[in-house]
Structure formats: structure tokens, C-alpha cells
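Listing of entry.cif, mmCIF, C-alpha atoms
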data_work
loop_
_atom_site.label_atom_id
_atom_site.label_comp_id
_atom_site.auth_asym_id
_atom_site.auth_seq_id
_atom_site.Cartn_x
_atom_site.Cartn_y
_atom_site.Cartn_z
CA MET A 1 9.16 -12.51 -2.90
CA LEU A 2 7.96 -12.93 0.67
CA ALA A 3 8.48 -16.38 2.13
CA PRO A 4 8.64 -18.18 5.46
CA ALA A 5 12.24 -18.47 6.62
CA ALA A 6 12.68 -20.57 9.77
CA PRO A 7 13.04 -24.36 9.30
CA ALA A 8 10.51 -24.94 12.09
CA ARG A 9 7.87 -23.34 9.90
CA LEU A 10 8.49 -25.48 6.83
CA ALA A 11 5.59 -27.78 7.74
CA HIS A 12 3.24 -24.82 7.35
CA ALA A 13 4.98 -23.32 4.31
CA ARG A 14 3.47 -25.62 1.69
CA ALA A 15 0.47 -23.35 1.12
CA PHE A 16 2.72 -20.35 0.53
CA ALA A 17 5.09 -22.31 -1.70
CA ARG A 18 2.29 -23.67 -3.88
CA ILE A 19 0.43 -20.37 -4.15
CA ALA A 20 3.66 -18.55 -5.02
CA GLN A 21 3.80 -20.66 -8.17
CA PHE A 22 0.71 -18.95 -9.55
CA HIS A 23 1.55 -15.52 -8.14
CA PRO A 24 1.67 -13.96 -11.67
CA GLU A 25 -1.86 -15.19 -12.37
CA LEU A 26 -3.14 -13.73 -9.10
CA THR A 27 -1.44 -10.44 -9.92
CA ALA A 28 -3.07 -10.30 -13.36
CA PHE A 29 -6.45 -11.12 -11.81
CA ARG A 30 -6.06 -8.43 -9.15
CA ARG A 31 -5.05 -5.80 -11.69
CA ASP A 32 -8.00 -6.65 -13.91
CA LEU A 33 -10.33 -6.03 -10.96
CA HIS A 34 -8.50 -2.78 -10.23
CA ALA A 35 -9.08 -1.61 -13.79
CA HIS A 36 -12.81 -2.38 -13.52
CA PRO A 37 -13.96 -1.00 -10.14
CA GLU A 38 -17.60 -1.23 -9.10
CA LEU A 39 -19.51 0.34 -6.23
CA GLY A 40 -21.52 -1.45 -3.56
CA PHE A 41 -24.23 -3.80 -4.85
CA GLU A 42 -23.14 -3.01 -8.42
CA GLU A 43 -20.28 -5.54 -8.50
CA VAL A 44 -21.63 -7.37 -11.56
CA TYR A 45 -18.31 -7.69 -13.41
CA THR A 46 -16.40 -8.47 -10.23
CA SER A 47 -18.92 -11.11 -9.18
CA ALA A 48 -18.76 -12.75 -12.60
CA ARG A 49 -14.96 -12.83 -12.54
CA VAL A 50 -15.00 -14.36 -9.05
CA GLN A 51 -17.47 -17.05 -10.10
CA GLU A 52 -15.37 -17.86 -13.16
CA ALA A 53 -12.18 -18.06 -11.07
CA LEU A 54 -13.81 -20.34 -8.48
CA ARG A 55 -15.12 -22.71 -11.12
CA LEU A 56 -11.74 -22.85 -12.83
CA ALA A 57 -10.17 -23.56 -9.45
CA GLY A 58 -12.43 -26.56 -9.04
CA VAL A 59 -14.42 -25.55 -5.97
CA ASP A 60 -17.36 -27.83 -5.24
CA GLU A 61 -20.14 -25.24 -5.21
CA VAL A 62 -20.51 -21.64 -6.39
CA HIS A 63 -23.49 -19.64 -5.14
CA ALA A 64 -24.22 -16.19 -6.58
CA GLY A 65 -26.71 -13.46 -5.77
CA ILE A 66 -26.45 -13.69 -1.97
CA GLY A 67 -26.96 -10.20 -0.61
CA LYS A 68 -27.59 -8.96 -4.18
CA THR A 69 -24.13 -9.38 -5.74
CA GLY A 70 -22.39 -11.55 -3.15
CA VAL A 71 -20.75 -14.86 -4.05
CA VAL A 72 -20.02 -17.91 -1.89
CA GLY A 73 -17.69 -20.75 -2.82
CA VAL A 74 -17.78 -24.08 -0.99
CA ILE A 75 -14.80 -26.46 -0.83
CA ARG A 76 -15.06 -29.82 0.89
CA GLY A 77 -11.98 -31.31 2.47
CA ARG A 78 -10.48 -34.71 1.96
CA SER A 79 -12.76 -35.96 4.73
CA ASN A 80 -15.68 -34.59 6.73
CA THR A 81 -15.78 -36.67 9.89
CA SER A 82 -16.04 -33.56 12.05
CA GLY A 83 -18.80 -31.87 10.04
CA ARG A 84 -17.16 -28.53 10.86
CA MET A 85 -17.14 -25.40 8.67
CA ILE A 86 -14.92 -22.31 8.64
CA GLY A 87 -15.76 -19.10 6.80
CA LEU A 88 -13.32 -16.75 5.07
CA ARG A 89 -14.50 -13.35 3.85
CA ALA A 90 -13.23 -10.81 1.30
CA ASP A 91 -14.89 -7.52 0.34
CA MET A 92 -15.32 -6.63 -3.34
CA ASP A 93 -16.48 -3.02 -3.79
CA ALA A 94 -14.59 0.11 -4.81
CA LEU A 95 -14.83 3.78 -3.79
CA THR A 96 -16.27 6.91 -5.39
CA MET A 97 -12.86 8.45 -6.06
CA THR A 98 -10.99 9.60 -9.13
CA GLU A 99 -7.74 7.67 -9.44
CA GLY A 100 -4.50 9.63 -9.67
CA ASN A 101 -2.26 6.78 -10.82
CA ASP A 102 -0.97 6.33 -14.37
CA PHE A 103 -0.01 2.64 -14.51
CA PRO A 104 -1.58 0.36 -17.16
CA TRP A 105 -4.13 -1.17 -14.76
CA LYS A 106 -5.51 2.14 -13.46
CA SER A 107 -9.28 2.51 -13.24
CA THR A 108 -11.12 2.65 -16.56
CA LYS A 109 -14.14 4.23 -14.88
CA GLY A 110 -14.29 7.92 -14.07
CA GLY A 111 -14.99 8.67 -10.43
CA MET A 112 -14.41 5.10 -9.25
CA MET A 113 -11.30 3.35 -8.01
CA HIS A 114 -10.11 0.56 -5.75
CA GLY A 115 -8.66 2.93 -3.20
CA CYS A 116 -8.88 0.53 -0.27
CA GLY A 117 -7.42 -2.68 -1.69
CA HIS A 118 -10.58 -4.75 -1.97
CA ASP A 119 -9.32 -5.93 -5.35
CA GLY A 120 -6.36 -7.44 -3.52
CA HIS A 121 -8.58 -8.98 -0.85
CA VAL A 122 -10.60 -10.75 -3.55
CA ALA A 123 -7.46 -11.99 -5.29
CA MET A 124 -6.03 -13.36 -2.04
CA LEU A 125 -9.18 -15.33 -1.31
CA VAL A 126 -9.28 -16.63 -4.89
CA GLY A 127 -5.68 -17.79 -4.43
CA ALA A 128 -6.68 -19.63 -1.25
CA ALA A 129 -9.62 -21.21 -3.10
CA ARG A 130 -7.36 -22.54 -5.82
CA TYR A 131 -4.92 -24.03 -3.32
CA LEU A 132 -7.61 -25.54 -1.08
CA ALA A 133 -9.47 -27.05 -4.03
CA GLU A 134 -6.26 -28.61 -5.34
CA THR A 135 -4.95 -30.02 -2.05
CA ARG A 136 -7.99 -30.52 0.25
CA ASN A 137 -5.69 -31.12 3.22
CA PHE A 138 -8.43 -30.58 5.79
CA ASP A 139 -11.38 -32.30 7.42
CA GLY A 140 -14.60 -30.37 7.00
CA THR A 141 -15.78 -27.56 4.74
CA ALA A 142 -14.31 -24.20 3.77
CA VAL A 143 -16.82 -21.45 2.95
CA LEU A 144 -15.39 -18.57 0.93
CA ILE A 145 -17.48 -15.40 1.18
CA PHE A 146 -17.06 -12.65 -1.40
CA GLN A 147 -19.02 -9.76 0.03
CA PRO A 148 -20.42 -6.70 -1.76
CA GLY A 149 -20.95 -3.20 -0.42
CA GLU A 150 -18.50 -2.86 2.46
CA GLU A 151 -17.91 0.85 1.84
CA GLY A 152 -20.98 2.20 3.59
CA PHE A 153 -23.60 -0.16 2.15
CA ALA A 154 -23.57 -2.79 4.93
CA GLY A 155 -23.13 -5.62 2.46
CA ALA A 156 -22.26 -8.06 5.25
CA LYS A 157 -25.61 -7.35 6.87
CA ALA A 158 -27.34 -7.85 3.53
CA MET A 159 -25.73 -11.26 3.07
CA ILE A 160 -26.67 -12.31 6.61
CA GLU A 161 -30.26 -11.19 6.10
CA ASP A 162 -30.28 -13.17 2.85
CA GLY A 163 -29.59 -16.34 4.80
CA LEU A 164 -25.79 -16.56 4.57
CA PHE A 165 -25.24 -18.36 7.85
CA GLN A 166 -28.41 -20.43 7.63
CA ARG A 167 -27.25 -21.83 4.30
CA PHE A 168 -23.60 -22.08 5.35
CA PRO A 169 -23.52 -22.59 9.15
CA VAL A 170 -19.85 -21.89 9.76
CA GLU A 171 -18.55 -22.23 13.30
CA SER A 172 -16.25 -19.22 12.91
CA VAL A 173 -15.41 -16.60 10.31
CA TYR A 174 -12.24 -14.65 9.46
CA ALA A 175 -11.42 -11.59 7.39
CA MET A 176 -8.25 -9.71 6.54
CA HIS A 177 -7.53 -6.14 5.41
CA ASN A 178 -4.31 -4.73 4.00
CA TRP A 179 -2.64 -2.10 6.17
CA PRO A 180 -0.04 0.37 4.85
CA GLY A 181 1.15 1.01 8.40
CA LEU A 182 2.55 -2.53 8.63
CA LYS A 183 5.54 -3.69 6.60
CA PRO A 184 5.06 -6.53 4.09
CA GLY A 185 5.51 -9.95 5.65
CA THR A 186 3.74 -9.01 8.87
CA PHE A 187 0.29 -9.44 10.39
CA GLY A 188 -1.57 -7.57 13.11
CA VAL A 189 -4.48 -8.53 15.32
CA ARG A 190 -5.85 -7.95 18.82
CA HIS A 191 -8.44 -9.24 21.24
CA HIS A 192 -11.78 -7.45 21.34
CA ALA A 193 -12.17 -4.16 19.41
CA MET A 194 -10.24 -3.92 16.12
CA MET A 195 -12.38 -1.22 14.51
CA ALA A 196 -14.82 1.34 15.86
CA ALA A 197 -18.55 1.66 15.46
CA ALA A 198 -19.50 4.27 12.85
CA ASP A 199 -22.56 6.43 13.49
CA ARG A 200 -23.96 9.30 11.43
CA ILE A 201 -25.33 12.43 13.06
CA THR A 202 -27.49 15.06 11.40
CA ILE A 203 -28.30 18.20 13.39
CA GLU A 204 -31.09 20.42 12.05
CA ILE A 205 -31.07 23.95 13.49
CA THR A 206 -34.09 26.19 12.98
CA GLY A 207 -33.93 29.89 13.69
CA LYS A 208 -35.51 32.91 12.06
CA GLY A 209 -34.22 34.35 8.81
CA GLY A 210 -33.60 38.01 8.28
CA HIS A 211 -31.40 40.76 6.86
CA GLY A 212 -27.70 40.64 7.67
CA ALA A 213 -27.81 44.36 8.45
CA HIS A 214 -30.49 43.81 11.11
CA PRO A 215 -29.51 40.61 12.96
CA TYR A 216 -31.41 41.68 16.08
CA LEU A 217 -34.63 40.98 14.17
CA ALA A 218 -33.50 37.41 13.32
CA VAL A 219 -32.43 34.25 15.12
CA ASP A 220 -29.25 33.34 13.33
CA PRO A 221 -28.84 29.54 12.87
CA VAL A 222 -25.29 30.04 11.61
CA LEU A 223 -24.31 31.54 14.96
CA VAL A 224 -26.12 28.73 16.78
CA SER A 225 -24.29 26.17 14.61
CA ALA A 226 -20.94 27.67 15.56
CA HIS A 227 -21.70 27.34 19.25
CA ILE A 228 -22.99 23.78 18.82
CA ILE A 229 -19.84 22.79 16.89
CA THR A 230 -17.71 24.07 19.76
CA ALA A 231 -19.89 22.69 22.55
CA VAL A 232 -20.13 19.20 21.05
CA GLN A 233 -16.36 18.76 21.39
CA SER A 234 -16.79 18.82 25.18
CA ILE A 235 -18.73 15.53 25.12
CA VAL A 236 -15.66 13.37 24.56
CA SER A 237 -13.34 15.42 26.77
CA ARG A 238 -15.77 15.83 29.67
CA ASN A 239 -18.35 13.01 29.49
CA VAL A 240 -16.51 10.00 28.05
CA ARG A 241 -13.94 8.23 30.25
CA ALA A 242 -10.40 8.77 29.00
CA VAL A 243 -9.89 5.00 28.73
CA ASP A 244 -13.00 4.65 26.52
CA GLY A 245 -12.05 5.97 23.09
CA ALA A 246 -14.53 8.09 21.18
CA VAL A 247 -14.46 10.65 18.38
CA ILE A 248 -17.07 13.20 17.34
CA SER A 249 -16.42 15.01 14.07
CA LEU A 250 -18.84 17.47 12.50
CA CYS A 251 -17.65 17.37 8.92
CA ALA A 252 -20.16 19.34 6.88
CA MET A 253 -22.36 22.39 7.28
CA GLN A 254 -25.04 23.75 4.99
CA ALA A 255 -26.72 27.10 5.54
CA GLY A 256 -27.76 30.04 3.45
CA ASP A 257 -26.66 30.96 -0.07
CA LEU A 258 -23.08 31.81 -0.96
CA HIS A 259 -24.38 34.44 -3.38
CA ALA A 260 -26.53 36.13 -0.74
CA MET A 261 -24.04 37.86 1.53
CA SER A 262 -26.62 39.79 3.53
CA VAL A 263 -29.33 37.15 4.02
CA ILE A 264 -29.48 35.35 7.34
CA PRO A 265 -30.94 31.91 6.60
CA GLY A 266 -33.74 30.36 8.59
CA LYS A 267 -32.13 26.94 8.88
CA ALA A 268 -28.75 25.25 9.09
CA THR A 269 -27.72 21.59 8.94
CA LEU A 270 -24.66 19.93 10.41
CA VAL A 271 -23.56 16.43 9.42
CA GLY A 272 -20.87 14.35 11.06
CA THR A 273 -19.79 11.05 12.51
CA VAL A 274 -19.33 9.47 15.92
CA ARG A 275 -16.80 6.67 16.45
CA SER A 276 -16.64 4.49 19.56
CA PHE A 277 -15.90 0.94 20.70
CA LYS A 278 -18.57 0.25 23.33
CA PRO A 279 -22.40 0.34 23.09
CA GLU A 280 -22.59 2.20 26.41
CA VAL A 281 -20.38 4.94 24.98
CA GLN A 282 -22.64 5.15 21.93
CA ASP A 283 -25.63 5.54 24.24
CA LEU A 284 -23.88 8.24 26.27
CA VAL A 285 -22.80 10.25 23.23
CA GLU A 286 -26.22 10.03 21.62
CA ARG A 287 -27.95 11.19 24.81
CA ARG A 288 -25.54 14.09 25.36
CA LEU A 289 -25.84 15.23 21.74
CA HIS A 290 -29.60 15.53 22.10
CA GLU A 291 -29.30 17.36 25.42
CA LEU A 292 -26.48 19.70 24.46
CA CYS A 293 -27.69 20.68 20.99
CA SER A 294 -31.20 21.37 22.24
CA ALA A 295 -29.94 23.43 25.18
CA VAL A 296 -27.47 25.49 23.14
CA ALA A 297 -30.07 26.28 20.51
CA LEU A 298 -32.66 27.17 23.14
CA GLY A 299 -30.24 29.65 24.66
CA PHE A 300 -30.32 31.62 21.39
CA GLY A 301 -34.04 31.28 20.83
CA ALA A 302 -33.64 28.58 18.19
CA THR A 303 -34.39 24.86 18.12
CA ALA A 304 -32.16 21.92 17.23
CA THR A 305 -33.03 18.32 16.50
CA VAL A 306 -30.52 15.46 16.31
CA ASN A 307 -30.94 12.39 14.11
CA TYR A 308 -28.51 9.72 15.32
CA GLU A 309 -28.05 6.73 12.99
CA ARG A 310 -26.03 3.67 14.00
CA ILE A 311 -24.46 2.60 10.71
CA TYR A 312 -21.80 -0.02 11.57
CA PRO A 313 -21.20 -1.64 14.96
CA ALA A 314 -17.70 -2.00 16.39
CA THR A 315 -15.61 -4.86 14.98
CA ILE A 316 -15.08 -7.09 18.02
CA ASN A 317 -12.73 -10.08 17.74
CA THR A 318 -13.45 -13.06 19.96
CA PRO A 319 -10.46 -14.11 22.11
CA ARG A 320 -10.24 -17.79 21.17
CA GLU A 321 -10.41 -17.14 17.42
CA THR A 322 -8.01 -14.20 17.74
CA ASP A 323 -5.39 -16.36 19.44
CA PHE A 324 -5.88 -19.08 16.83
CA ALA A 325 -5.51 -16.64 13.93
CA ALA A 326 -2.37 -15.16 15.49
CA ASP A 327 -0.93 -18.64 15.97
CA VAL A 328 -1.62 -19.46 12.32
CA ALA A 329 0.04 -16.21 11.23
CA GLU A 330 3.07 -17.03 13.40
CA SER A 331 3.35 -20.44 11.73
CA LEU A 332 3.82 -18.59 8.44
CA VAL A 333 6.00 -15.62 9.33
CA GLY A 334 7.25 -16.22 12.86
CA PRO A 335 6.27 -14.56 16.16
CA GLU A 336 8.53 -11.58 15.49
CA ASN A 337 6.32 -10.65 12.52
CA VAL A 338 2.92 -10.90 14.22
CA VAL A 339 1.62 -7.99 16.29
CA ARG A 340 -0.84 -9.48 18.78
CA ASP A 341 -1.75 -6.21 20.50
CA MET A 342 -2.23 -3.95 17.50
CA ASP A 343 -3.77 -0.58 18.23
CA PRO A 344 -7.46 -0.46 17.31
CA SER A 345 -8.56 1.89 14.55
CA MET A 346 -11.32 4.51 14.68
CA GLY A 347 -12.19 3.46 11.16
CA ALA A 348 -15.17 1.14 10.69
CA GLU A 349 -15.71 -2.20 8.97
CA ASP A 350 -18.96 -3.99 8.23
CA PHE A 351 -17.39 -7.38 8.92
CA ALA A 352 -18.58 -6.32 12.38
CA PHE A 353 -22.05 -7.61 11.45
CA MET A 354 -20.64 -11.09 10.85
CA LEU A 355 -18.80 -11.00 14.18
CA GLN A 356 -22.08 -10.17 15.92
CA VAL A 357 -23.44 -13.50 14.66
CA LYS A 358 -20.38 -15.76 14.61
CA PRO A 359 -17.11 -15.99 16.56
CA GLY A 360 -14.11 -14.90 14.53
CA ALA A 361 -11.28 -12.48 13.99
CA TYR A 362 -10.39 -9.58 11.75
CA LEU A 363 -6.68 -9.31 10.90
CA ARG A 364 -4.42 -6.85 9.16
CA ILE A 365 -1.80 -7.90 6.63
CA GLY A 366 1.17 -5.61 6.11
CA GLN A 367 0.92 -3.69 2.84
CA GLY A 368 3.76 -1.24 3.33
CA GLY A 369 3.99 2.20 1.84
CA GLU A 370 3.59 5.73 3.15
CA GLY A 371 1.99 8.99 2.05
CA SER A 372 0.06 8.41 -1.17
CA CYS A 373 -0.06 4.67 -0.44
CA MET A 374 -2.42 5.16 2.49
CA LEU A 375 -5.96 3.83 2.20
CA HIS A 376 -8.55 6.01 0.45
CA MET A 377 -5.87 8.10 -1.27
CA THR A 378 -6.09 8.83 -5.00
CA ARG A 379 -2.67 7.28 -5.70
CA TYR A 380 -3.15 4.19 -3.56
CA ASP A 381 -2.55 0.75 -5.08
CA PHE A 382 -2.55 -2.70 -3.54
CA ASN A 383 0.90 -4.26 -3.09
CA ASP A 384 0.85 -7.37 -5.29
CA GLU A 385 3.90 -8.81 -3.52
CA ILE A 386 1.76 -9.78 -0.53
CA LEU A 387 -0.82 -11.76 -2.54
CA PRO A 388 0.71 -15.23 -1.92
CA LEU A 389 1.15 -14.59 1.80
CA GLY A 390 -2.43 -13.38 2.22
CA SER A 391 -3.72 -16.39 0.29
CA ALA A 392 -1.57 -18.70 2.42
CA LEU A 393 -2.95 -17.19 5.62
CA HIS A 394 -6.52 -17.81 4.44
CA ALA A 395 -5.69 -21.37 3.41
CA SER A 396 -3.80 -22.08 6.62
CA LEU A 397 -6.74 -20.93 8.75
CA VAL A 398 -8.69 -23.76 7.12
CA GLU A 399 -5.94 -26.38 7.20
CA GLN A 400 -5.01 -25.73 10.82
CA GLY A 401 -8.55 -25.06 11.95
CA LEU A 402 -9.91 -28.23 10.33
CA PRO A 403 -6.98 -30.65 10.64
CA LEU A 404 -7.06 -34.09 9.09
CA ALA A 405 -7.05 -36.97 11.55
CA ALA A 406 -3.60 -38.40 12.20
CA SER A 407 -3.04 -41.53 10.12
#
Go ahead and express the file in the form of C-alpha cells.
Amino acid sequence: MLAPAAPARLAHARAFARIAQFHPELTAFRRDLHAHPELGFEEVYTSARVQEALRLAGVDEVHAGIGKTGVVGVIRGRSNTSGRMIGLRADMDALTMTEGNDFPWKSTKGGMMHGCGHDGHVAMLVGAARYLAETRNFDGTAVLIFQPGEEGFAGAKAMIEDGLFQRFPVESVYAMHNWPGLKPGTFGVRHHAMMAAADRITIEITGKGGHGAHPYLAVDPVLVSAHIITAVQSIVSRNVRAVDGAVISLCAMQAGDLHAMSVIPGKATLVGTVRSFKPEVQDLVERRLHELCSAVALGFGATATVNYERIYPATINTPRETDFAADVAESLVGPENVVRDMDPSMGAEDFAFMLQVKPGAYLRIGQGGEGSCMLHMTRYDFNDEILPLGSALHASLVEQGLPLAAS
């Protein structure tokens, strides 16, 4: 069992101590969600279970159907003299993966699994809801956001467009993701970029089909694709400043027919992703992709068009809220267990859309584990031991962010 240790932190340990008492119930809830994974905007079962759990916890309001399958719980504090509101967010959706585990709570649905720990994120926020509804040791309103479709569906954007922050005008918003690279009992955060922007690129190359025995009569798009794949790697190394991180990965290619060994196809398609932290780097990479792909293709007598789609923006923490969240984490686990300058990740997160609208911070909670325990692996499973600590962090963000007036 993870628990705060230093006597100086006992004043902030009550949330952890209380939530630890219903740790077995949170574990059972989390494992039920794990056994019933649902993809983005299809979280019908998950949404229903969340609504049931919030009502049983005694939250004041439960709102469903925001951003299709999103749920929002509202908890009012013991007083509301400040009129302030803080938002806490958890993602709910699973991945299109076949689970490789064999424990009793493994996925009951073929081709779907909670391979990123969103089941645990939901359970942690439900635990915070139960504690906050029972104690109400804060002045203001806590808004608990259970978001659909994080895994590529931009569910955060859907909730915002559905009036999330008009209906619940929080002053700041926080989210937390488990991280196998951190040991249990620790948190990580940083100022500014926590996660990269995720863009999709599709490159269509048009040549001239022909017979493989007579390539001089054709314009081979496979050859052009090979040169484009190589040339594109020069954009990051020769156009992007070394201090401005960026990644370009061309991850799929489609051309010709595997059963037609001697047919040069007329077209080829490349698909990949671009990751970066700054809008100006996105602009640079997009411009250079258009220029380079067109020029390389032209040199072979072919044409190339680039479709550049900006899927998720970078996840940018605001400094004030980052410092506050780190301070809250330290009050639970001590400064030695909070990494304030955690390396940013080239992965993406659609909580970024919320941070474009509201100040806030995205944290990592130590999950522990190596190898098969990494995110998006077929044998991944959320570490249930960290459930009370994650719930306590959520609850403490509210209690310390919306303190009761001194009596």
C-alpha cells in the first residue's frame, strides 16, 4: 500500500487515508471496466457505470451525453463564497488491440483492450468523487469530466464544442496519465510542453505504370517513394533547430499488387506522422514536405501531393497551474518523489484541446513496470496499487485549490 510518510504531510494525508479504505471497491470497479473495453464515442457501458458510481457517491449533479458519450459530475463544497470552479478530467476509451493477458478481468471483447490505462484513470476520478462528495472540505465547485474518444477521436474537442466550458466555467483544469517509466508513489510534470502535437501526412505519388521488364517505358512511383522516404528525413536534421524537437515517421506504404511481380504500378501512397512542440515547427515541416516531395517527384517525371492534417495540438501546461499541481503532489508524497522537470514525450494527448481553452496542467503518475507493462502493449495492465494515490491527488487539487476560509 502506498502512503504518505513524513509527519509534515499528515495534514494532507486525510484524502489518501480515507480513499484507501475503499481501495478494494475501486479495484473491482477498475477491473470491471477493463473487462468491458469500448472504443471512442462508443463508451455506452463505461458511461453508464460512471453515472451509477457518481450517483452512489452522492455527487450533486450528473450530466451525460456531453460530446456524445461524455459524463460530467458536479460536487459543491461546504461553502461557495468564492464562486470558483476547478475541473478534473479522466479519459474513458480503449484501444483496438487484442489482449494477451490471461487474468480473470481480461477483455471480454475481441480486438479491444484497455492498453493505455484509461480504466484506471476513470477509477481514480471516481475515487476522488466519492471522497469529495463525502467530505466537501473546499469552497467552490469541483467539476469531474469523464471524456470519451481520447485515442485519436478528439473527444476533448467534441466535449468543448458541445458546450463543456460554457456549462461548467472552470477556472483551471487538470488531468493525469499513468506512466510505466515512473515508479509507483511518484509524480512527474513540467512547465510548457508535456506532449507533442500529432499530425497525419498522406503523400500521393503519381507516375506511369508499366511492365517490370521495361521500366524505361514507365515512371516508377515505387522508386520515387523510396527517394522521398529518404529525403524527408533531412527535414528534421537540416531544417529544424536542434533545440526544437520534431519527428517525421513514414509508417506505411501502399503500391502495386503483391501477386503481380512484374507490374509497375501507376500510383503509390505513403502515410505517416509528424510530432512537434511548437506551431512554428509544424508550419516549417508542413512547408518543407510540400516543397521536397514535389521536387523529388518532379526529378523523376512524377508528381507528388501532400495532405497535411493537424490532428492534436501540443499539450502545453501553464506555469502557475503546473507549479500548483507539483506542490499538491509534494504534499502527498514529498519533494523527493515529484519530478518537476520531466522530459516531454513525443506522444500526443487530446487534453491539449482543453489546455488551449483553460489554464491547467497534465501530470504523470508512476505506474511502474517494464517491457510488456509499457503503454499500448498487449500484456499491459493498470497497476491497481496506485488507485488511492491518484484519487488523492485529484481530490487534493480541489481541496488545496479551493480552500475553506479559516475559521
Would you tabulate, counting all atoms listed in the file, all residues of segment 41-100 of chain A that have an atom at most 9 Å from an atom of segment 121-142 of chain A, showing the closest pair of atoms and their distance in Å to one decimal, sorted by chain then ascending number, as a tab-separated table?
residue	atom	partner	partner_atom	distance
A:Val50	CA	A:Val126	CA	7.4
A:Ala53	CA	A:Val126	CA	7.0
A:Leu54	CA	A:Val126	CA	6.9
A:Leu56	CA	A:Arg130	CA	8.3
A:Ala57	CA	A:Arg130	CA	4.7
A:Gly58	CA	A:Ala133	CA	5.8
A:Val59	CA	A:Ala133	CA	5.5
A:Asp60	CA	A:Ala133	CA	8.0
A:Gly73	CA	A:Ala129	CA	8.1
A:Val74	CA	A:Ala142	CA	5.9
A:Ile75	CA	A:Ala142	CA	5.1
A:Arg76	CA	A:Thr141	CA	4.5
A:Gly77	CA	A:Arg136	CA	4.6
A:Arg78	CA	A:Arg136	CA	5.2
A:Ser79	CA	A:Asp139	CA	4.7
A:Asn80	CA	A:Gly140	CA	4.4
A:Thr81	CA	A:Asp139	CA	6.7
A:Ser82	CA	A:Gly140	CA	6.1
A:Gly83	CA	A:Gly140	CA	5.4
A:Arg84	CA	A:Gly140	CA	5.0
A:Met85	CA	A:Thr141	CA	4.7
A:Ile86	CA	A:Ala142	CA	5.3
A:Gly87	CA	A:Ala142	CA	6.1
A:Leu88	CA	A:Ala142	CA	7.6
A:Arg89	CA	A:Leu125	CA	7.7
A:Ala90	CA	A:His121	CA	5.4
A:Asp91	CA	A:His121	CA	6.6
A:Met92	CA	A:Val122	CA	6.3
Atom CA of Gly111 of chain A and atom CA of Asp32 of chain A are how many Å apart?
17.2 Å
Name the residues captured by the PyMOL selection byres ((chain A and resi 389) around 8) when it is applied to the shown file; answer as a CSV table (one decimal) with C-alpha atoms, in the coordinates of the input.
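out_24.csv, freshly written:
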chain,number,residue,atom,x,y,z
A,2,LEU,CA,8.0,-12.9,0.7
A,3,ALA,CA,8.5,-16.4,2.1
A,16,PHE,CA,2.7,-20.4,0.5
A,185,GLY,CA,5.5,-10.0,5.6
A,386,ILE,CA,1.8,-9.8,-0.5
A,387,LEU,CA,-0.8,-11.8,-2.5
A,388,PRO,CA,0.7,-15.2,-1.9
A,390,GLY,CA,-2.4,-13.4,2.2
A,391,SER,CA,-3.7,-16.4,0.3
A,392,ALA,CA,-1.6,-18.7,2.4
A,393,LEU,CA,-3.0,-17.2,5.6
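Distance check against Asp327 of chain A using all atoms listed in the file: of A:Ala252, A:Val339, A:Ala268, A:Ala15, the minimum falls on A:Val339.
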How many Å separate atom CA of Leu270 of chain A from atom CA of Gly155 of chain A?
26.8 Å
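Residues matching the PyMOL selection byres ((chain A and resi 153) around 10) in this structure come to A:Leu39, A:Gly40, A:Phe41, A:Asp93, A:Pro148, A:Gly149, A:Glu150, A:Glu151, A:Gly152, A:Ala154, A:Gly155, A:Ala156, A:Lys157, A:Ala158, A:Ile311, A:Tyr312, A:Asp350.
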